[in-house]
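Novice: The file below is model_34.txt, compact mmCIF, C-alpha atoms:
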```txt
# COMPACT_ATOMS: atom_id res chain seq x y z
CA MET L 1040 -23.11 -3.78 10.82
CA LYS L 1041 -25.40 -6.24 12.63
CA MET L 1042 -24.46 -9.90 12.47
CA SER L 1043 -27.73 -10.74 10.66
CA GLU L 1044 -26.81 -8.17 8.00
CA THR L 1045 -23.28 -9.57 7.78
CA LEU L 1046 -24.71 -13.02 7.15
CA GLY L 1047 -27.03 -11.59 4.52
CA VAL L 1048 -24.13 -9.93 2.69
CA LEU L 1049 -22.08 -13.14 2.89
CA LEU L 1050 -24.98 -15.14 1.40
CA ILE L 1051 -25.49 -12.66 -1.44
CA CYS L 1052 -21.78 -12.49 -2.17
CA GLY L 1053 -21.54 -16.28 -1.97
CA PHE L 1054 -24.38 -16.63 -4.47
CA LEU L 1055 -22.75 -14.14 -6.85
CA SER L 1056 -19.43 -15.99 -6.59
CA LEU L 1057 -21.22 -19.26 -7.41
CA VAL L 1058 -22.64 -17.64 -10.54
CA ALA L 1059 -19.15 -16.41 -11.48
CA ASN L 1060 -17.88 -19.91 -10.76
CA VAL L 1061 -20.39 -21.52 -13.13
CA VAL L 1062 -19.67 -19.04 -15.92
CA GLY L 1063 -15.90 -18.87 -15.45
CA THR L 1064 -14.87 -22.42 -14.53
CA LYS L 1065 -15.83 -25.97 -15.44
CA ASN L 1066 -17.40 -26.53 -12.01
CA GLY L 1067 -21.19 -26.86 -11.80
CA PHE L 1068 -23.41 -24.72 -9.57
CA VAL L 1069 -24.57 -27.56 -7.31
CA GLU L 1070 -21.18 -29.22 -6.82
CA ALA L 1071 -19.68 -25.93 -5.57
CA ILE L 1072 -22.45 -25.34 -3.00
CA PRO L 1073 -20.95 -27.38 -0.11
CA GLY L 1074 -17.58 -25.60 -0.43
CA MET L 1075 -19.27 -22.21 -0.60
CA LEU L 1076 -21.43 -22.95 2.45
CA PHE L 1077 -18.26 -23.89 4.33
CA LEU L 1078 -16.59 -20.60 3.32
CA ILE L 1079 -19.65 -18.58 4.34
CA ALA L 1080 -19.79 -20.35 7.71
CA LEU L 1081 -16.06 -19.83 8.22
CA ALA L 1082 -16.23 -16.14 7.33
CA PHE L 1083 -19.23 -15.65 9.63
CA LEU L 1084 -17.54 -17.50 12.51
CA GLY L 1085 -14.36 -15.44 12.09
CA ILE L 1086 -16.17 -12.11 12.04
CA TRP L 1087 -18.16 -13.15 15.12
CA LEU L 1088 -15.02 -14.24 16.99
CA GLY L 1089 -13.38 -10.93 16.12
CA LYS L 1090 -16.30 -9.18 17.82
CA VAL L 1091 -16.62 -11.28 20.97
CA ILE L 1092 -13.00 -12.16 21.77
CA PRO L 1093 -11.25 -9.32 23.57
CA GLY L 1094 -7.81 -8.15 22.40
CA GLY L 1095 -8.83 -6.26 19.29
CA ILE L 1096 -7.67 -8.93 16.84
CA PRO L 1097 -9.63 -8.31 13.63
CA GLY L 1098 -12.05 -10.99 12.38
CA VAL L 1099 -10.05 -11.54 9.22
CA ALA L 1100 -7.21 -13.03 11.28
CA TYR L 1101 -9.56 -15.66 12.73
CA VAL L 1102 -11.03 -16.41 9.31
CA VAL L 1103 -7.65 -17.11 7.72
CA THR L 1104 -6.19 -18.93 10.73
CA ILE L 1105 -9.15 -21.28 11.24
CA GLY L 1106 -9.38 -21.96 7.51
CA CYS L 1107 -5.70 -22.79 7.50
CA ILE L 1108 -5.82 -25.08 10.55
CA LEU L 1109 -8.86 -27.01 9.29
CA THR L 1110 -7.13 -27.87 6.02
CA VAL L 1111 -3.61 -28.80 7.21
CA PRO L 1112 -2.96 -32.36 5.98
CA GLY L 1113 -3.67 -34.86 8.77
CA VAL L 1114 -6.36 -32.82 10.54
CA PRO L 1115 -9.67 -34.76 10.55
CA CYS L 1116 -11.96 -33.63 7.71
CA ALA L 1117 -9.08 -31.69 6.09
CA ALA L 1118 -9.25 -33.75 2.91
CA ALA L 1119 -13.04 -33.44 2.68
CA ILE L 1120 -12.94 -29.67 3.23
CA SER L 1121 -10.14 -29.18 0.72
CA ALA L 1122 -12.04 -31.23 -1.85
CA ALA L 1123 -15.22 -29.22 -1.28
CA VAL L 1124 -13.61 -25.76 -1.45
CA SER L 1125 -11.49 -26.73 -4.46
CA LYS L 1126 -14.74 -26.53 -6.48
CA VAL L 1127 -14.82 -22.79 -5.71
CA GLY L 1128 -12.24 -20.94 -7.81
CA PHE L 1129 -10.44 -18.17 -5.90
CA MET L 1130 -10.42 -15.85 -8.90
CA GLN L 1131 -14.19 -16.24 -9.19
CA LEU L 1132 -14.49 -15.20 -5.54
CA CYS L 1133 -12.62 -12.06 -6.41
CA THR L 1134 -14.74 -11.01 -9.39
CA PRO L 1135 -17.82 -9.90 -7.38
CA ILE L 1136 -15.62 -8.17 -4.80
CA LEU L 1137 -13.94 -6.08 -7.47
CA ALA L 1138 -17.27 -5.35 -9.13
CA TYR L 1139 -18.47 -3.90 -5.81
CA ALA L 1140 -15.12 -2.12 -5.43
CA GLY L 1141 -15.51 -0.64 -8.91
CA VAL L 1142 -18.90 0.80 -8.01
CA ALA L 1143 -17.54 2.03 -4.66
CA ILE L 1144 -14.44 3.70 -6.17
CA CYS L 1145 -16.65 6.33 -7.82
CA LYS L 1146 -16.56 8.01 -4.42
CA ASP L 1147 -12.75 8.42 -4.61
CA LEU L 1148 -12.48 9.48 -8.24
CA ASP L 1149 -12.63 13.20 -7.49
CA VAL L 1150 -9.79 13.02 -5.00
CA PHE L 1151 -7.87 10.84 -7.46
CA ALA L 1152 -8.27 13.42 -10.22
CA GLU L 1153 -7.18 16.19 -7.87
CA SER L 1154 -3.98 14.54 -6.68
CA SER L 1155 -1.44 15.76 -9.16
CA TRP L 1156 0.39 13.70 -11.76
CA ARG L 1157 3.40 13.67 -9.44
CA ILE L 1158 1.65 11.47 -6.94
CA VAL L 1159 0.55 9.09 -9.69
CA VAL L 1160 4.13 8.78 -10.96
CA VAL L 1161 5.43 8.25 -7.43
CA SER L 1162 2.70 5.67 -6.75
CA CYS L 1163 3.64 3.60 -9.77
CA VAL L 1164 7.31 3.70 -8.78
CA VAL L 1165 6.39 2.76 -5.22
CA PHE L 1166 4.44 -0.28 -6.46
CA VAL L 1167 7.25 -1.39 -8.75
CA GLY L 1168 9.91 -0.80 -6.07
CA THR L 1169 8.08 -2.83 -3.45
CA TYR L 1170 7.29 -5.66 -5.81
CA ILE L 1171 10.68 -6.02 -7.46
CA GLY L 1172 12.52 -5.45 -4.16
CA SER L 1173 10.64 -8.30 -2.52
CA ALA L 1174 10.95 -10.54 -5.56
CA ILE L 1175 14.74 -10.15 -5.67
CA ILE L 1176 15.11 -11.15 -2.02
CA ALA L 1177 12.61 -14.02 -2.31
CA GLN L 1178 14.39 -15.32 -5.40
CA LEU L 1179 17.83 -15.23 -3.75
CA ILE L 1180 16.69 -16.90 -0.52
CA LEU L 1181 14.57 -19.56 -2.24
CA LYS L 1182 17.62 -20.42 -4.38
CA ALA L 1183 19.88 -20.46 -1.34
CA ILE L 1184 17.68 -22.85 0.64
CA GLY L 1185 17.09 -25.04 -2.40
CA GLN L 1186 13.32 -24.55 -2.70
CA ILE L 1187 13.44 -23.65 -6.40
CA MET K 176 -27.67 -4.94 2.14
CA LYS K 177 -31.25 -4.69 0.85
CA ASP K 178 -30.02 -2.65 -2.09
CA PHE K 179 -31.11 -5.22 -4.68
CA ARG K 180 -30.47 -2.87 -7.59
CA LEU K 181 -26.78 -2.86 -6.65
CA HIS K 182 -26.62 -6.65 -6.38
CA LEU K 183 -28.35 -7.00 -9.74
CA ILE K 184 -25.84 -4.63 -11.35
CA VAL K 185 -22.98 -6.64 -9.84
CA LEU K 186 -24.57 -9.91 -11.00
CA ILE K 187 -24.69 -8.66 -14.57
CA LEU K 188 -21.13 -7.30 -14.39
CA ILE K 189 -19.67 -10.58 -13.17
CA VAL K 190 -21.54 -12.70 -15.72
CA VAL K 191 -20.22 -10.48 -18.52
CA ALA K 192 -16.71 -10.41 -17.00
CA GLU K 193 -16.53 -14.18 -16.54
CA LYS K 194 -18.00 -14.78 -20.01
CA ILE K 195 -15.12 -12.80 -21.51
CA GLY K 196 -12.71 -14.86 -19.38
CA ASN K 197 -8.91 -14.58 -19.25
CA ILE K 198 -7.33 -12.86 -22.20
CA SER K 199 -3.66 -13.43 -22.88
CA ILE K 200 -1.97 -10.87 -25.08
CA THR K 201 1.39 -11.90 -26.44
CA VAL K 202 3.88 -9.05 -26.25
CA GLY K 203 7.29 -9.93 -27.64
CA VAL K 204 8.43 -13.09 -25.89
CA GLY K 205 6.11 -12.72 -22.92
CA LYS K 206 2.42 -12.25 -22.39
CA ILE K 207 0.11 -10.00 -20.43
CA VAL K 208 -2.88 -11.66 -18.79
CA LEU K 209 -6.13 -9.76 -18.40
CA LEU K 210 -8.47 -11.22 -15.76
CA PRO K 211 -12.26 -11.08 -15.33
CA MET K 212 -11.78 -9.30 -11.99
CA MET K 213 -10.13 -6.40 -13.85
CA TYR K 214 -13.06 -6.03 -16.27
CA ALA K 215 -15.47 -6.27 -13.35
CA LEU K 216 -13.65 -3.40 -11.64
CA LEU K 217 -13.55 -1.21 -14.76
CA MET K 218 -17.18 -1.91 -15.63
CA GLY K 219 -18.10 -1.14 -12.03
CA VAL K 220 -16.42 2.26 -12.36
CA ALA K 221 -18.18 2.80 -15.68
CA THR K 222 -21.61 2.41 -14.03
CA ALA K 223 -20.86 5.46 -11.89
CA PRO K 224 -23.45 8.19 -11.47
CA ARG K 225 -21.09 10.52 -13.33
CA PHE K 226 -20.59 8.23 -16.34
CA THR K 227 -23.45 5.98 -17.44
CA LYS K 228 -25.62 6.66 -14.37
CA ILE K 229 -26.47 2.94 -14.10
CA SER K 230 -25.63 2.94 -10.40
CA SER K 231 -26.93 5.70 -8.15
CA GLU K 232 -25.19 7.59 -5.35
CA LYS K 233 -26.99 5.27 -2.97
CA ASN K 234 -25.59 2.20 -4.74
CA VAL K 235 -22.08 3.66 -4.48
CA LYS K 236 -22.50 4.19 -0.75
CA THR K 237 -23.88 0.69 -0.15
CA ALA K 238 -21.12 -0.88 -2.22
CA SER K 239 -18.38 0.79 -0.20
CA SER K 240 -20.03 -0.23 3.09
CA LEU K 241 -20.24 -3.88 1.96
CA LEU K 242 -16.64 -4.21 0.76
CA GLY K 243 -15.15 -5.29 4.07
CA VAL K 244 -17.56 -8.20 4.48
CA THR K 245 -17.36 -9.39 0.87
CA LEU K 246 -13.58 -9.70 1.25
CA MET K 247 -14.08 -12.25 4.03
CA LEU K 248 -15.16 -15.05 1.67
CA LEU K 249 -11.97 -14.58 -0.29
CA MET K 250 -9.91 -14.59 2.91
CA ALA K 251 -11.65 -17.80 4.01
CA ARG K 252 -10.68 -19.36 0.69
CA TYR K 253 -7.11 -18.18 1.19
CA GLY K 254 -7.01 -19.85 4.59
CA THR K 255 -7.98 -23.13 2.96
CA LEU K 256 -5.26 -22.60 0.33
CA VAL K 257 -2.55 -22.03 2.92
CA GLY K 258 -3.50 -25.05 5.07
CA PRO K 259 -2.74 -27.83 2.55
CA SER K 260 0.52 -26.08 1.57
CA LEU K 261 1.62 -25.41 5.15
CA PRO K 262 4.55 -27.89 5.07
CA LYS K 263 5.81 -26.27 1.88
CA ILE K 264 5.33 -22.78 3.33
CA LEU K 265 7.23 -23.65 6.49
CA ALA K 266 10.06 -25.01 4.35
CA ALA K 267 10.16 -21.72 2.46
CA SER K 268 9.66 -19.55 5.55
CA PRO K 269 13.15 -17.94 5.54
CA ALA K 270 12.42 -16.56 2.08
CA LEU K 271 8.91 -15.50 3.09
CA ILE K 272 10.14 -13.61 6.12
CA LEU K 273 13.20 -11.99 4.56
CA GLN K 274 11.41 -10.86 1.41
CA GLU K 275 9.39 -8.55 3.64
CA PHE K 276 12.49 -6.34 3.74
CA GLY K 277 12.10 -5.92 0.00
CA ASN K 278 9.20 -3.62 0.79
CA LEU K 279 11.90 -1.13 1.79
CA GLY K 280 12.98 -1.16 -1.86
CA THR K 281 10.24 1.32 -2.52
CA ILE K 282 12.05 3.99 -0.47
CA ILE K 283 15.37 3.77 -2.31
CA ILE K 284 13.87 4.85 -5.62
CA GLY K 285 10.61 6.38 -4.39
CA VAL K 286 11.91 9.14 -2.13
CA PRO K 287 14.58 10.57 -4.47
CA LEU K 288 12.13 10.47 -7.38
CA ALA K 289 9.43 12.19 -5.36
CA VAL K 290 11.86 14.95 -4.38
CA PHE K 291 13.11 15.19 -7.96
CA VAL K 292 9.60 15.79 -9.37
CA GLY K 293 9.16 18.55 -6.84
CA LEU K 294 7.36 17.04 -3.85
CA LYS K 295 8.50 18.25 -0.45
CA ARG K 296 7.62 16.35 2.72
CA GLU K 297 4.81 14.66 0.78
CA ALA K 298 7.65 12.42 -0.41
CA ILE K 299 7.97 10.79 3.00
CA GLY K 300 4.28 9.92 3.28
CA ALA K 301 4.09 8.83 -0.34
CA ALA K 302 7.18 6.67 -0.66
CA HIS K 303 7.77 5.13 2.76
CA SER K 304 5.54 2.13 1.97
CA VAL K 305 2.87 0.93 -0.45
CA ALA K 306 0.43 3.01 1.59
CA ARG K 307 -2.27 0.58 2.58
CA GLU K 308 -4.64 1.14 5.49
CA PRO K 309 -2.16 0.54 8.36
CA ASN K 310 0.35 2.97 6.83
CA VAL K 311 -2.30 5.62 6.34
CA ALA K 312 -3.28 5.21 9.98
CA LEU K 313 0.34 5.46 11.07
CA ILE K 314 1.09 8.64 9.11
CA GLY K 315 -2.19 10.11 10.30
CA GLU K 316 -1.25 9.46 13.89
CA ARG K 317 2.27 10.83 13.59
CA PHE K 318 1.91 13.82 11.25
CA GLY K 319 -1.84 14.29 10.77
CA LEU K 320 -3.55 13.47 7.50
CA ASP K 321 -4.02 17.14 6.57
CA GLY K 322 -0.28 17.80 6.61
CA ALA K 323 2.19 17.31 3.76
CA GLU K 324 3.06 13.74 4.75
CA GLY K 325 -0.65 12.97 5.04
CA ARG K 326 -1.34 14.30 1.54
CA GLY K 327 1.46 12.11 0.23
CA VAL K 328 0.25 8.91 1.86
CA MET K 329 -3.39 9.56 0.91
CA GLY K 330 -2.40 10.21 -2.70
CA VAL K 331 -0.66 6.87 -3.03
CA TYR K 332 -3.42 5.14 -1.07
CA ILE K 333 -6.11 6.39 -3.43
CA CYS K 334 -3.96 5.71 -6.44
CA GLY K 335 -3.53 2.14 -5.16
CA THR K 336 -7.27 1.76 -4.66
CA VAL K 337 -8.08 3.01 -8.14
CA ILE K 338 -5.32 1.51 -10.30
CA GLY K 339 -3.50 -0.84 -7.89
CA THR K 340 -5.32 -4.04 -8.83
CA ILE K 341 -4.76 -3.66 -12.53
CA PHE K 342 -1.24 -2.35 -12.03
CA PHE K 343 -0.19 -5.32 -9.89
CA GLY K 344 -1.84 -7.82 -12.26
CA LEU K 345 0.01 -6.42 -15.27
CA MET K 346 3.26 -5.96 -13.38
CA ALA K 347 3.26 -9.59 -12.25
CA SER K 348 2.71 -10.91 -15.75
CA LEU K 349 5.36 -8.61 -17.22
CA ALA K 350 7.86 -9.55 -14.51
CA ALA K 351 7.16 -13.26 -15.07
CA ALA K 352 7.62 -12.84 -18.79
CA TYR K 353 10.70 -10.63 -18.92
CA LEU K 354 12.59 -10.88 -15.63
CA PRO K 355 14.50 -13.94 -14.44
CA PHE K 356 12.30 -14.61 -11.39
CA HIS K 357 10.77 -17.91 -10.33
CA PRO K 358 6.94 -17.78 -10.09
CA TYR K 359 7.19 -18.58 -6.36
CA ALA K 360 9.39 -15.53 -5.76
CA LEU K 361 6.94 -13.34 -7.68
CA ALA K 362 4.05 -14.85 -5.70
CA MET K 363 5.71 -14.04 -2.37
CA ALA K 364 6.49 -10.52 -3.52
CA ALA K 365 2.80 -10.02 -4.33
CA GLY K 366 1.87 -10.04 -0.65
CA VAL K 367 2.21 -6.33 0.04
CA GLY K 368 -0.66 -6.12 2.51
CA SER K 369 -3.54 -5.61 0.10
CA ALA K 370 -5.76 -8.59 -0.67
CA SER K 371 -6.93 -7.24 -4.01
CA MET K 372 -3.46 -6.30 -5.31
CA MET K 373 -2.13 -9.67 -4.19
CA THR K 374 -5.01 -11.54 -5.82
CA ALA K 375 -4.52 -9.72 -9.10
CA ALA K 376 -0.81 -10.55 -9.15
CA VAL K 377 -1.41 -14.14 -8.05
CA GLY K 378 -4.24 -14.47 -10.59
CA SER K 379 -1.98 -13.38 -13.45
CA LEU K 380 0.78 -15.71 -12.30
CA SER K 381 -1.53 -18.72 -11.95
CA ALA K 382 -2.98 -18.07 -15.38
CA MET K 383 0.57 -18.20 -16.77
CA PHE K 384 1.69 -21.19 -14.69
CA PRO K 385 -1.49 -23.27 -14.15
CA GLN K 386 0.44 -26.33 -12.90
CA MET K 387 1.74 -24.24 -9.94
CA ALA K 388 -1.48 -22.32 -9.32
CA ASP K 389 -2.20 -23.62 -5.80
CA GLN K 390 1.36 -23.08 -4.55
CA ILE K 391 1.46 -19.60 -6.05
CA ALA K 392 -1.78 -18.65 -4.32
CA ALA K 393 -0.63 -20.14 -1.02
CA PHE K 394 2.69 -18.22 -1.08
CA GLY K 395 0.92 -15.01 -2.04
CA ALA K 396 -1.63 -15.39 0.74
CA ALA K 397 0.98 -16.34 3.36
CA SER K 398 3.17 -13.40 2.42
CA ASN K 399 0.21 -11.04 2.46
CA MET K 400 -0.72 -12.13 5.97
CA LEU K 401 2.86 -11.65 7.07
CA SER K 402 2.88 -8.14 5.60
CA GLY K 403 -0.29 -7.45 7.55
CA LEU K 404 1.46 -8.51 10.74
CA ASP K 405 4.90 -6.96 10.38
CA GLY K 406 4.18 -4.14 7.93
CA LEU K 407 3.29 -1.63 10.58
CA TYR K 408 6.30 -2.29 12.80
CA MET K 409 8.58 -2.25 9.80
CA SER K 410 7.20 1.17 8.87
CA ILE K 411 7.65 2.55 12.37
CA TRP K 412 11.15 1.30 13.05
CA MET K 413 12.80 1.10 9.64
CA ALA K 414 10.90 2.60 6.74
CA LEU K 415 10.03 5.99 8.24
CA PRO K 416 13.49 6.77 9.69
CA PHE K 417 15.13 5.61 6.45
CA ALA K 418 12.72 7.66 4.32
CA GLU K 419 13.41 10.67 6.52
CA TRP K 420 17.18 10.28 6.12
CA LEU K 421 17.00 9.76 2.36
CA TYR K 422 14.66 12.74 2.05
CA ARG K 423 17.28 14.99 3.68
CA LYS K 424 20.00 13.67 1.36
CA SER K 425 17.89 14.03 -1.78
CA TYR K 426 16.67 17.46 -0.76
CA ARG K 427 20.20 18.71 -0.27
CA MET K 428 21.19 17.31 -3.64
CA LYS K 429 18.33 19.00 -5.49
CA TYR K 430 18.09 22.34 -3.70
CA GLY K 431 21.58 22.62 -2.18
CA VAL K 432 20.17 23.43 1.28
CA ASP K 433 18.89 21.39 4.19
CA PRO K 434 15.12 20.85 4.30
CA GLU K 435 13.04 22.31 7.10
CA PRO K 436 12.83 20.01 10.11
CA PRO K 437 9.74 17.77 10.29
CA VAL K 438 6.63 19.03 11.99
CA VAL K 439 5.40 16.39 14.39
CA LYS K 440 1.69 16.50 15.06
CA SER K 441 1.83 17.04 18.81
CA LEU K 442 4.17 20.01 18.37
CA GLU K 443 2.46 21.36 15.30
CA GLU K 444 0.23 23.92 16.94
CA GLY K 445 2.96 25.35 19.14
CA LYS K 446 5.37 25.70 16.23
CA GLU K 447 2.80 27.36 14.04
CA ARG K 448 2.13 29.90 16.73
CA GLU K 449 5.85 30.59 17.08
CA ALA K 450 6.17 31.14 13.35
CA LYS K 451 3.45 33.77 13.47
```
Kindly transcribe the structure held in the file into structure tokens.
Specialist:
Amino acid sequence: MKMSETLGVLLICGFLSLVANVVGTKNGFVEAIPGMLFLIALAFLGIWLGKVIPGGIPGVAYVVTIGCILTVPGVPCAAAISAAVSKVGFMQLCTPILAYAGVAICKDLDVFAESSWRIVVVSCVVFVGTYIGSAIIAQLILKAIGQI
Amino acid sequence: MKDFRLHLIVLILIVVAEKIGNISITVGVGKIVLLPMMYALLMGVATAPRFTKISSEKNVKTASSLLGVTLMLLMARYGTLVGPSLPKILAASPALILQEFGNLGTIIIGVPLAVFVGLKREAIGAAHSVAREPNVALIGERFGLDGAEGRGVMGVYICGTVIGTIFFGLMASLAAAYLPFHPYALAMAAGVGSASMMTAAVGSLSAMFPQMADQIAAFGAASNMLSGLDGLYMSIWMALPFAEWLYRKSYRMKYGVDPEPPVVKSLEEGKEREAK
């Protein structure tokens, strides 16, 4: 995908998330714009860095890392950025993504129907096993180090 | 990108989904939280060419090509959630790192069950991990995706894509309601290496514990990143050998004989020729 197209998709998705944000949260459209513009710029920068920096590190790593560094307490502008992006609900960012995913899944439905019931049973057990396994360890360690 | 029909469909879906909002259903002493993102997903599926024909084949194709980029905005937001909580995350880092081993929990029940319901070497592909993209790539490289292990991993991968989001969302709210876990522990556990599964679990948890919402999201995101980093190495060095060992044990228990030795991709052709 060309970078101009990437930016276009980010702008469209940003706009859709803002609509979700207005409908789903108490935040207004205009007050969420600065935060959304920041997120779009950050996502674009990260994707671009992933392309130009050698080493094969995917863009998503840059996106998350830079976003994290810019908002660590004490970094200049951290408070302003945090305040701006706090007007953009993270669940509302997810709604458009999953709407696109829903449309896209249609492609996989045939394969899903073909894979027998056994795989579906095993999948569910795999999800539960991973989740509960991790939760047990997290719970024990958090207790042990006094974080909860 | 210029597929405006698709964007219009999505716009309508999200307005409807957000208008409905969170629904909490009280079940016994706990509650299940349904989130707008889940309705958006289901309604998206319902627009399929095969169901209501609202979206065309072309829309489906465009949507799947856009997915990677649309996820970036969410990941940017996650970065800004982790930053402010970084001191707290560092304080909890032993738990964050060690809970990654919990991902091996899937093998202990997954492999024997898979063998019990009659899967052969599919069991190893299916139950060695939660089967997200890196695991699919790994199994593909080692055994080939057209082999038994490949069928197993692809089955769970597709299952995760289709029902994973909703499954994780419901599982998190049920676990929070009925099991004695702290929301932070459940948030860390949610980071299995899939942004959408993690968000669904984190979304359910934050709807149930709004006063901890930011911390929950930060732990979920941090754990998810960690899974992205270590998940592959964990699969190579621990999960696959362990799954292989447990497969042999389970197989012997069910069928009373040792299973056939694994067919490694590079040797596959030679062995097949020998067999003939």
Novice: Find the residues with any atom within 10 Å of (-2.4, 11.5, 0.8); use only C-alpha atoms and the coordinates as given in the file, and write the answer as a PyMOL selection string.
Specialist: (chain L and resi 1150-1151+1154+1158) or (chain K and resi 297+300-301+306+311+314-315+320-334)
Novice: Kindly indicate which residue among L:Asn1066, L:Ser1125, L:Gln1131, L:Thr1110 lies nearest to chain K, using only C-alpha atoms for the distances.
Specialist: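 Selected residue with least distance to chain K: L:Thr1110.
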Novice: As an exercise, work out the distance from atom CA of Met218 of chain K to atom CA of Ala365 of chain K in Å and give it to one decimal place.
Specialist: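 That distance, rounded to one decimal, is 24.3 Å.
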Novice: So what do you get for atom CA of Ala1174 of chain L versus atom CA of Gly339 of chain K, distance-wise?
Specialist: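 Between atom CA of Ala1174 of chain L and atom CA of Gly339 of chain K the gap works out to 17.6 Å.
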Novice: Kindly give the distance, in Å, that separates atom CA of Met1040 of chain L and atom CA of Val244 of chain K, rounded to a single decimal.
Specialist: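 Taking atom CA of Met1040 of chain L and atom CA of Val244 of chain K, their separation equals 9.5 Å.
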Novice: Identify, on the basis of only C-alpha atoms, every residue whose closest approach to segment 1051-1054 of chain L does not exceed 10 Å; exclude the query and any residue fewer than 6 positions from it along the same chain; express the result as an NGL selection string.
Specialist: (:L and (1045 or 1060 or 1068 or 1072 or 1075-1076 or 1078-1079 or 1132 or 1135-1136 or 1139)) or (:K and (176 or 179 or 182 or 185-186 or 241 or 244-249))
Novice: Residues of segment 314-359 of chain K that approach segment 1180-1185 of chain L to 12 Å or less, counting only C-alpha atoms: could you list each one with the shortest pair of atoms and its distance in Å to one decimal, rows by chain and increasing residue number, as CSV?
Specialist:
```
residue,atom,partner,partner_atom,distance
K:Phe356,CA,L:Lys1182,CA,10.5
K:His357,CA,L:Leu1181,CA,9.1
K:Pro358,CA,L:Leu1181,CA,11.1
K:Tyr359,CA,L:Leu1181,CA,8.5
```
Novice: Which one is closest to Val208 of chain K: K:Ser425, K:Ser231, K:Ser381, K:Ser348? Count only C-alpha atoms.
Specialist: K:Ser348
Novice: Could you please fill out segment 260-276 of chain K with N, CA and C atoms and send it back as an mmCIF file, keeping the file's coordinate frame?
Specialist:
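out_14.cif, freshly written:
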```cif
data_model
loop_
_atom_site.group_PDB
_atom_site.id
_atom_site.type_symbol
_atom_site.label_atom_id
_atom_site.label_comp_id
_atom_site.auth_asym_id
_atom_site.auth_seq_id
_atom_site.Cartn_x
_atom_site.Cartn_y
_atom_site.Cartn_z
ATOM 1 N N SER K 260 -0.863 -26.344 1.967
ATOM 2 C CA SER K 260 0.520 -26.080 1.570
ATOM 3 C C SER K 260 1.404 -25.751 2.756
ATOM 4 N N LEU K 261 0.872 -25.864 3.974
ATOM 5 C CA LEU K 261 1.620 -25.410 5.150
ATOM 6 C C LEU K 261 3.022 -26.017 5.249
ATOM 7 N N PRO K 262 3.184 -27.342 5.010
ATOM 8 C CA PRO K 262 4.550 -27.890 5.070
ATOM 9 C C PRO K 262 5.494 -27.180 4.116
ATOM 10 N N LYS K 263 5.006 -26.936 2.897
ATOM 11 C CA LYS K 263 5.810 -26.270 1.880
ATOM 12 C C LYS K 263 6.126 -24.822 2.301
ATOM 13 N N ILE K 264 5.133 -24.160 2.895
ATOM 14 C CA ILE K 264 5.330 -22.780 3.330
ATOM 15 C C ILE K 264 6.346 -22.695 4.461
ATOM 16 N N LEU K 265 6.260 -23.654 5.390
ATOM 17 C CA LEU K 265 7.230 -23.650 6.490
ATOM 18 C C LEU K 265 8.630 -23.870 5.943
ATOM 19 N N ALA K 266 8.747 -24.752 4.941
ATOM 20 C CA ALA K 266 10.060 -25.010 4.350
ATOM 21 C C ALA K 266 10.610 -23.752 3.693
ATOM 22 N N ALA K 267 9.710 -22.926 3.164
ATOM 23 C CA ALA K 267 10.160 -21.720 2.460
ATOM 24 C C ALA K 267 10.137 -20.501 3.378
ATOM 25 N N SER K 268 9.908 -20.698 4.685
ATOM 26 C CA SER K 268 9.660 -19.550 5.550
ATOM 27 C C SER K 268 10.816 -18.541 5.614
ATOM 28 N N PRO K 269 12.098 -18.973 5.536
ATOM 29 C CA PRO K 269 13.150 -17.940 5.540
ATOM 30 C C PRO K 269 12.954 -16.937 4.410
ATOM 31 N N ALA K 270 12.616 -17.452 3.226
ATOM 32 C CA ALA K 270 12.420 -16.560 2.080
ATOM 33 C C ALA K 270 11.214 -15.671 2.317
ATOM 34 N N LEU K 271 10.141 -16.274 2.851
ATOM 35 C CA LEU K 271 8.910 -15.500 3.090
ATOM 36 C C LEU K 271 9.168 -14.349 4.043
ATOM 37 N N ILE K 272 9.923 -14.638 5.109
ATOM 38 C CA ILE K 272 10.140 -13.610 6.120
ATOM 39 C C ILE K 272 11.082 -12.533 5.593
ATOM 40 N N LEU K 273 12.197 -12.972 4.984
ATOM 41 C CA LEU K 273 13.200 -11.990 4.560
ATOM 42 C C LEU K 273 12.721 -11.121 3.406
ATOM 43 N N GLN K 274 11.848 -11.690 2.533
ATOM 44 C CA GLN K 274 11.410 -10.860 1.410
ATOM 45 C C GLN K 274 10.593 -9.662 1.870
ATOM 46 N N GLU K 275 10.116 -9.698 3.097
ATOM 47 C CA GLU K 275 9.390 -8.550 3.640
ATOM 48 C C GLU K 275 10.263 -7.298 3.605
ATOM 49 N N PHE K 276 11.588 -7.491 3.760
ATOM 50 C CA PHE K 276 12.490 -6.340 3.740
ATOM 51 C C PHE K 276 12.528 -5.698 2.359
#
```
